[in-house]
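To start, the structure itself, in structure tokens.
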Protein chains: 2
Amino acid sequence: MAKGFTLWFTGLSASGKSTLAERVRDILLERGMNVEVLDGDVVRQNLSKGLGFSKEDRDINIRRIGFVCNLLTRNDVVAIGAAISPYKAIRDENRRLIGRFVVVYCKCDLDTLKERDPKGLYEKALQGEIKNFTGVSDPYEPPENAEVVVDTAKEDIEASVQKIIATLEQMSYIPATDGRGYSEEEEESIKQRLRDLGYI
Amino acid sequence: MAKGFTLWFTGLSASGKSTLAERVRDILLERGMNVEVLDGDVVRQNLSKGLGFSKEDRDINIRRIGFVCNLLTRNDVVAIGAAISPYKAIRDENRRLIGRFVVVYCKCDLDTLKERDPKGLYEKALQGEIKNFTGVSDPYEPPENAEVVVDTAKEDIEASVQKIIATLEQMSYIPATDGRGYSEEEEESIKQRLRDLGYI
């Protein structure tokens with residue numbers, strides 16, 4: 001039985017993608033799985049140096065992450081992609097390539113992101129010092145087919161993590177554990193989401 | 001126990017890297033392992049489009065293959081790299097990064113390569129139509145620390161494959177099978193090579 005799959009985090013800068021990716025990675029590692037996080041920043045360093053932030057270069061970058069996630073996934077590894085990946089078409093291309101593909105949309109309103117702004121990037125983008133900054137001067141196309149939607153402005157990290165793990169269990173990508181326990185309300189909302197998408 | 005390792009084929013164009021890589025892949029797949037071949041041409045398409053054949057671009061390309069081989073290796077996959085990889089320093093950099101790293105040097109004299117010339121590249125390179133062609137107008141630094149040396153001008157494919165498999169068994173990267181059986185002479189020459197390198 002294939003054990004690998006790709007968990008794909010998409011969302012604006014500072015929306016919580018890397019933080020959530022690392023938390024989920026740790027939980028899956030504890031459960032004995034092979035897991036690899038492909039973080040947008042790390043990938044730009046190792047696979048995409050020289051690429052910029054035009055639509056074309058962003059697409060190439062996201063395709064490369066998808067190529068590597070696919071190699072890992074088909075070899076029984078859980079590949080976790082965490083990159084802004086603003087364009088729907090390329091996310092869907094990766095979904096078609098990989099097959100076993102779960103999208104987590106990290107929603108967060110712009111005001112909250114501007115307040116967080118851990119690297120001061122929103123400030124610079126708003127002052128025009130950074131061009132092609134997603135959400136400010138460059139488009140972001142929210143996914144309509146995300147298996148999980150987390151709102152990191154409203155939920156705490158732990159709630160978002162639990163939502164993701166519960167979804168992976170519901171979809172049988174990872175074995176269910178009784179240990180954790182979700183409230184009936186949480187479980188019903190996850191099931192409803194998966195029913196809406198036609199998965200269950 | 002970690003099961004992954006990287007098997008790195010290096011040698012001139014048409015020296016037999018891809019052919020041997022695919023044969024070895026098939027044998028390891030038959031033995032139930034997870035295996036992935038990263039062929040130089042495929043990687044240039046998927047991870048390194050836009051890079052040329054200057055020393056700098058070649059180095060970046062080989063580093064990228066090493067980065068992906070490392071992700072696979074540390075997740076229990078056998079990663080097989082098959083790229084000219086002419087420069088010693090970058091091959092050794094990948095060795096240091098990955099650790100579990102076995103080099104196969106595909107030796108072949110230039111006359112034989114010119115005769116083979118499946119894509120007509122040597123012909124073009126000799127006529128100056130292709131620049132930076134390794135072995136003709138660009139350097140190749142043979143590895144001194146290759147765990148396996150195959151001479152594809154003198155050995156047939158099956159002999160080279162057996163030499164590689166026997167070395168992997170001797171180094172305990174793959175379980176030994178009795179089924180195959182090497183001659184005493186073959187086995188002694190493999191052991192001698194590994195003794196010279198200080199492995200056994």
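Just so we're on the same page: first chain in the structure tokens is A, next is B, and so on; residues restart at 1 for each chain, and ligands are numbered from 1 in the order they show up.
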>> Near chain A, meaning an atom within 7 Å, which residues of chain B appear when counting only C-alpha atoms? Write them as a VMD selection string.
In response: chain B and resid 34 46 to 47 64 72 75 77
> Per DSSP on the backbone, what are the strand (DSSP E or B) residues of stretch 140-191 of chain A, as a list in words?
Replying inline: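 Matching residues, listed in order: Val148, Val149, Val150 and Asp151 of chain A.
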For those residues, write N, CA and C atoms to a file as a tab-separated table (two decimals), in the first residue's frame.
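Resulting contents of again.tsv:
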```tsv
chain	number	residue	atom	x	y	z
A	148	VAL	N	-8.43	21.41	3.59
A	148	VAL	CA	-8.47	22.03	4.91
A	148	VAL	C	-8.33	23.54	4.74
A	149	VAL	N	-9.17	24.28	5.44
A	149	VAL	CA	-9.00	25.73	5.50
A	149	VAL	C	-8.78	26.10	6.95
A	150	VAL	N	-7.65	26.73	7.22
A	150	VAL	CA	-7.42	27.20	8.58
A	150	VAL	C	-7.38	28.73	8.53
A	151	ASP	N	-7.94	29.35	9.54
A	151	ASP	CA	-7.90	30.81	9.61
A	151	ASP	C	-6.99	31.18	10.77
```
Would you mind aligning chain A to chain B, a least-squares fit over all C-alpha atoms taken in order, and returning the superposed chain as an mmCIF file with C-alpha atoms, in the first residue's frame?
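Result file is superposed-v9.cif:
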```cif
data_model
loop_
_atom_site.group_PDB
_atom_site.id
_atom_site.type_symbol
_atom_site.label_atom_id
_atom_site.label_comp_id
_atom_site.auth_asym_id
_atom_site.auth_seq_id
_atom_site.Cartn_x
_atom_site.Cartn_y
_atom_site.Cartn_z
ATOM 1 C CA MET A 1 18.039 1.224 10.441
ATOM 2 C CA ALA A 2 18.528 3.641 7.549
ATOM 3 C CA LYS A 3 17.931 1.869 4.280
ATOM 4 C CA GLY A 4 18.517 4.712 1.843
ATOM 5 C CA PHE A 5 21.720 5.520 0.045
ATOM 6 C CA THR A 6 22.801 7.350 -3.077
ATOM 7 C CA LEU A 7 24.378 5.546 -5.993
ATOM 8 C CA TRP A 8 26.141 8.147 -8.091
ATOM 9 C CA PHE A 9 27.089 7.413 -11.707
ATOM 10 C CA THR A 10 29.700 9.704 -13.234
ATOM 11 C CA GLY A 11 31.329 9.583 -16.653
ATOM 12 C CA LEU A 12 31.352 11.103 -20.104
ATOM 13 C CA SER A 13 28.314 11.371 -22.331
ATOM 14 C CA ALA A 14 27.352 7.954 -23.778
ATOM 15 C CA SER A 15 29.583 6.112 -21.301
ATOM 16 C CA GLY A 16 26.617 4.043 -20.123
ATOM 17 C CA LYS A 17 25.467 5.897 -16.996
ATOM 18 C CA SER A 18 21.732 5.921 -17.730
ATOM 19 C CA THR A 19 21.670 2.387 -19.098
ATOM 20 C CA LEU A 20 23.419 0.996 -16.036
ATOM 21 C CA ALA A 21 21.356 3.179 -13.680
ATOM 22 C CA GLU A 22 18.137 1.767 -15.119
ATOM 23 C CA ARG A 23 19.346 -1.837 -14.958
ATOM 24 C CA VAL A 24 20.414 -1.432 -11.330
ATOM 25 C CA ARG A 25 17.135 0.330 -10.520
ATOM 26 C CA ASP A 26 15.168 -2.614 -11.921
ATOM 27 C CA ILE A 27 17.131 -5.118 -9.850
ATOM 28 C CA LEU A 28 16.655 -3.121 -6.643
ATOM 29 C CA LEU A 29 12.944 -2.643 -7.357
ATOM 30 C CA GLU A 30 12.632 -6.405 -7.792
ATOM 31 C CA ARG A 31 14.202 -6.764 -4.373
ATOM 32 C CA GLY A 32 11.422 -4.616 -2.915
ATOM 33 C CA MET A 33 13.344 -1.385 -2.398
ATOM 34 C CA ASN A 34 12.142 2.132 -3.124
ATOM 35 C CA VAL A 35 14.347 3.476 -5.897
ATOM 36 C CA GLU A 36 14.406 6.692 -7.882
ATOM 37 C CA VAL A 37 16.691 7.536 -10.806
ATOM 38 C CA LEU A 38 17.679 11.171 -11.215
ATOM 39 C CA ASP A 39 18.934 11.315 -14.745
ATOM 40 C CA GLY A 40 20.920 14.368 -15.796
ATOM 41 C CA ASP A 41 18.686 15.051 -18.804
ATOM 42 C CA VAL A 42 15.461 14.709 -16.814
ATOM 43 C CA VAL A 43 16.790 16.946 -14.062
ATOM 44 C CA ARG A 44 17.848 19.618 -16.527
ATOM 45 C CA GLN A 45 14.256 19.626 -17.736
ATOM 46 C CA ASN A 46 12.575 19.677 -14.321
ATOM 47 C CA LEU A 47 14.934 21.387 -11.906
ATOM 48 C CA SER A 48 17.542 23.204 -13.936
ATOM 49 C CA LYS A 49 15.924 24.652 -17.032
ATOM 50 C CA GLY A 50 17.800 27.787 -17.976
ATOM 51 C CA LEU A 51 21.153 26.554 -16.719
ATOM 52 C CA GLY A 52 23.915 26.144 -19.300
ATOM 53 C CA PHE A 53 27.164 24.228 -19.362
ATOM 54 C CA SER A 54 29.628 26.666 -17.823
ATOM 55 C CA LYS A 55 31.491 25.326 -14.796
ATOM 56 C CA GLU A 56 29.275 27.429 -12.541
ATOM 57 C CA ASP A 57 26.017 26.196 -14.063
ATOM 58 C CA ARG A 58 27.182 22.586 -14.086
ATOM 59 C CA ASP A 59 28.062 22.880 -10.412
ATOM 60 C CA ILE A 60 24.615 24.296 -9.569
ATOM 61 C CA ASN A 61 22.961 21.482 -11.509
ATOM 62 C CA ILE A 62 24.954 18.783 -9.704
ATOM 63 C CA ARG A 63 24.289 20.426 -6.334
ATOM 64 C CA ARG A 64 20.555 20.352 -7.062
ATOM 65 C CA ILE A 65 20.674 16.659 -7.913
ATOM 66 C CA GLY A 66 22.615 16.139 -4.687
ATOM 67 C CA PHE A 67 20.008 18.082 -2.699
ATOM 68 C CA VAL A 68 17.211 15.850 -4.010
ATOM 69 C CA CYS A 69 19.269 12.644 -3.611
ATOM 70 C CA ASN A 70 19.843 13.650 -0.005
ATOM 71 C CA LEU A 71 16.109 14.140 0.664
ATOM 72 C CA LEU A 72 15.406 10.710 -0.800
ATOM 73 C CA THR A 73 18.320 8.970 0.911
ATOM 74 C CA ARG A 74 17.439 10.184 4.387
ATOM 75 C CA ASN A 75 13.889 8.907 3.836
ATOM 76 C CA ASP A 76 14.943 5.329 3.125
ATOM 77 C CA VAL A 77 14.913 5.619 -0.667
ATOM 78 C CA VAL A 78 17.740 4.478 -2.941
ATOM 79 C CA ALA A 79 18.545 7.578 -5.017
ATOM 80 C CA ILE A 80 20.436 6.918 -8.231
ATOM 81 C CA GLY A 81 22.108 9.942 -9.786
ATOM 82 C CA ALA A 82 23.239 9.665 -13.386
ATOM 83 C CA ALA A 83 24.896 12.820 -14.646
ATOM 84 C CA ILE A 84 28.277 13.566 -16.232
ATOM 85 C CA SER A 85 29.273 15.481 -13.058
ATOM 86 C CA PRO A 86 32.747 16.275 -14.356
ATOM 87 C CA TYR A 87 34.103 18.133 -11.324
ATOM 88 C CA LYS A 88 35.554 16.306 -8.366
ATOM 89 C CA ALA A 89 34.879 19.062 -5.832
ATOM 90 C CA ILE A 90 31.107 19.017 -6.317
ATOM 91 C CA ARG A 91 30.904 15.217 -6.362
ATOM 92 C CA ASP A 92 32.776 15.225 -3.063
ATOM 93 C CA GLU A 93 30.501 17.961 -1.720
ATOM 94 C CA ASN A 94 27.513 15.723 -2.434
ATOM 95 C CA ARG A 95 29.313 12.813 -0.775
ATOM 96 C CA ARG A 96 29.836 14.866 2.390
ATOM 97 C CA LEU A 97 26.234 16.088 2.354
ATOM 98 C CA ILE A 98 24.698 12.667 1.863
ATOM 99 C CA GLY A 99 27.090 10.358 3.686
ATOM 100 C CA ARG A 100 25.697 7.091 2.416
ATOM 101 C CA PHE A 101 27.148 7.636 -1.054
ATOM 102 C CA VAL A 102 28.545 5.137 -3.551
ATOM 103 C CA VAL A 103 30.246 6.345 -6.722
ATOM 104 C CA VAL A 104 30.281 4.334 -9.928
ATOM 105 C CA TYR A 105 32.806 5.665 -12.417
ATOM 106 C CA CYS A 106 31.760 4.739 -15.957
ATOM 107 C CA LYS A 107 35.059 4.655 -17.781
ATOM 108 C CA CYS A 108 35.115 4.518 -21.544
ATOM 109 C CA ASP A 109 37.799 5.573 -24.020
ATOM 110 C CA LEU A 110 37.039 8.447 -26.358
ATOM 111 C CA ASP A 111 37.343 6.375 -29.541
ATOM 112 C CA THR A 112 34.595 4.056 -28.375
ATOM 113 C CA LEU A 113 32.419 6.998 -27.352
ATOM 114 C CA LYS A 114 32.875 8.609 -30.757
ATOM 115 C CA GLU A 115 31.815 5.361 -32.408
ATOM 116 C CA ARG A 116 28.732 5.023 -30.192
ATOM 117 C CA ASP A 117 27.689 8.670 -30.339
ATOM 118 C CA PRO A 118 23.948 7.847 -30.103
ATOM 119 C CA LYS A 119 22.852 11.484 -30.368
ATOM 120 C CA GLY A 120 25.597 12.643 -32.747
ATOM 121 C CA LEU A 121 26.919 14.940 -30.024
ATOM 122 C CA TYR A 122 30.594 13.956 -30.249
ATOM 123 C CA GLU A 123 30.509 14.587 -33.982
ATOM 124 C CA LYS A 124 29.075 18.066 -33.413
ATOM 125 C CA ALA A 125 31.457 18.806 -30.544
ATOM 126 C CA LEU A 126 34.484 17.773 -32.600
ATOM 127 C CA GLN A 127 33.326 20.070 -35.391
ATOM 128 C CA GLY A 128 32.970 22.891 -32.888
ATOM 129 C CA GLU A 129 29.197 23.070 -33.196
ATOM 130 C CA ILE A 130 28.735 22.346 -29.478
ATOM 131 C CA LYS A 131 30.878 24.237 -27.021
ATOM 132 C CA ASN A 132 31.777 23.121 -23.494
ATOM 133 C CA PHE A 133 31.403 19.467 -24.417
ATOM 134 C CA THR A 134 32.893 17.302 -21.682
ATOM 135 C CA GLY A 135 35.785 15.162 -22.887
ATOM 136 C CA VAL A 136 36.212 17.176 -26.089
ATOM 137 C CA SER A 137 36.255 20.867 -25.216
ATOM 138 C CA ASP A 138 35.535 20.782 -21.489
ATOM 139 C CA PRO A 139 37.390 18.990 -18.680
ATOM 140 C CA TYR A 140 36.446 15.747 -16.943
ATOM 141 C CA GLU A 141 38.103 14.931 -13.636
ATOM 142 C CA PRO A 142 37.991 11.155 -13.096
ATOM 143 C CA PRO A 143 37.157 10.145 -9.530
ATOM 144 C CA GLU A 144 39.945 8.618 -7.470
ATOM 145 C CA ASN A 145 37.635 7.450 -4.739
ATOM 146 C CA ALA A 146 34.972 5.646 -6.779
ATOM 147 C CA GLU A 147 33.691 2.550 -5.003
ATOM 148 C CA VAL A 148 33.101 0.909 -8.375
ATOM 149 C CA VAL A 149 34.916 1.415 -11.657
ATOM 150 C CA VAL A 150 33.322 -0.089 -14.725
ATOM 151 C CA ASP A 151 34.942 0.029 -18.144
ATOM 152 C CA THR A 152 32.040 0.001 -20.538
ATOM 153 C CA ALA A 153 34.325 -0.238 -23.567
ATOM 154 C CA LYS A 154 35.638 -3.590 -22.336
ATOM 155 C CA GLU A 155 32.896 -5.111 -20.183
ATOM 156 C CA ASP A 156 29.389 -5.947 -21.297
ATOM 157 C CA ILE A 157 26.471 -4.328 -19.494
ATOM 158 C CA GLU A 158 25.677 -7.413 -17.426
ATOM 159 C CA ALA A 159 29.233 -7.639 -16.078
ATOM 160 C CA SER A 160 29.166 -3.988 -15.022
ATOM 161 C CA VAL A 161 25.766 -4.422 -13.364
ATOM 162 C CA GLN A 162 26.991 -7.458 -11.428
ATOM 163 C CA LYS A 163 30.036 -5.540 -10.244
ATOM 164 C CA ILE A 164 27.822 -2.745 -8.903
ATOM 165 C CA ILE A 165 25.353 -5.082 -7.184
ATOM 166 C CA ALA A 166 28.186 -7.107 -5.639
ATOM 167 C CA THR A 167 29.770 -3.951 -4.266
ATOM 168 C CA LEU A 168 26.472 -2.798 -2.724
ATOM 169 C CA GLU A 169 26.121 -6.219 -1.114
ATOM 170 C CA GLN A 170 29.709 -6.204 0.155
ATOM 171 C CA MET A 171 29.155 -2.768 1.696
ATOM 172 C CA SER A 172 25.858 -3.987 3.218
ATOM 173 C CA TYR A 173 23.810 -1.305 1.481
ATOM 174 C CA ILE A 174 21.613 -4.088 0.151
ATOM 175 C CA PRO A 175 21.098 -7.594 1.526
ATOM 176 C CA ALA A 176 23.256 -10.276 -0.065
ATOM 177 C CA THR A 177 21.514 -12.990 -2.080
ATOM 178 C CA ASP A 178 23.036 -16.384 -2.732
ATOM 179 C CA GLY A 179 21.128 -16.728 -5.972
ATOM 180 C CA ARG A 180 23.574 -14.818 -8.105
ATOM 181 C CA GLY A 181 27.038 -16.055 -7.390
ATOM 182 C CA TYR A 182 30.170 -14.301 -8.528
ATOM 183 C CA SER A 183 33.330 -16.050 -9.533
ATOM 184 C CA GLU A 184 36.030 -16.116 -6.856
ATOM 185 C CA GLU A 185 38.108 -13.870 -9.052
ATOM 186 C CA GLU A 186 35.316 -11.266 -9.358
ATOM 187 C CA GLU A 187 34.657 -11.352 -5.658
ATOM 188 C CA GLU A 188 38.317 -10.959 -4.814
ATOM 189 C CA SER A 189 38.706 -7.975 -7.146
ATOM 190 C CA ILE A 190 35.695 -6.230 -5.577
ATOM 191 C CA LYS A 191 36.978 -6.891 -2.077
ATOM 192 C CA GLN A 192 40.410 -5.613 -3.072
ATOM 193 C CA ARG A 193 38.890 -2.362 -4.356
ATOM 194 C CA LEU A 194 36.964 -1.842 -1.111
ATOM 195 C CA ARG A 195 40.079 -2.678 0.934
ATOM 196 C CA ASP A 196 42.085 -0.113 -1.061
ATOM 197 C CA LEU A 197 39.465 2.507 -0.216
ATOM 198 C CA GLY A 198 39.567 1.486 3.440
ATOM 199 C CA TYR A 199 35.966 0.278 3.594
ATOM 200 C CA ILE A 200 36.659 -3.304 4.654
#
```
>> Could you pull out the alpha helix (DSSP H) residues of stretch 16-117 of chain A, going by DSSP on the backbone, and write them as a PyMOL selection string?
In response: chain A and resi 17-30+40-46+55-73+88-98+110-116
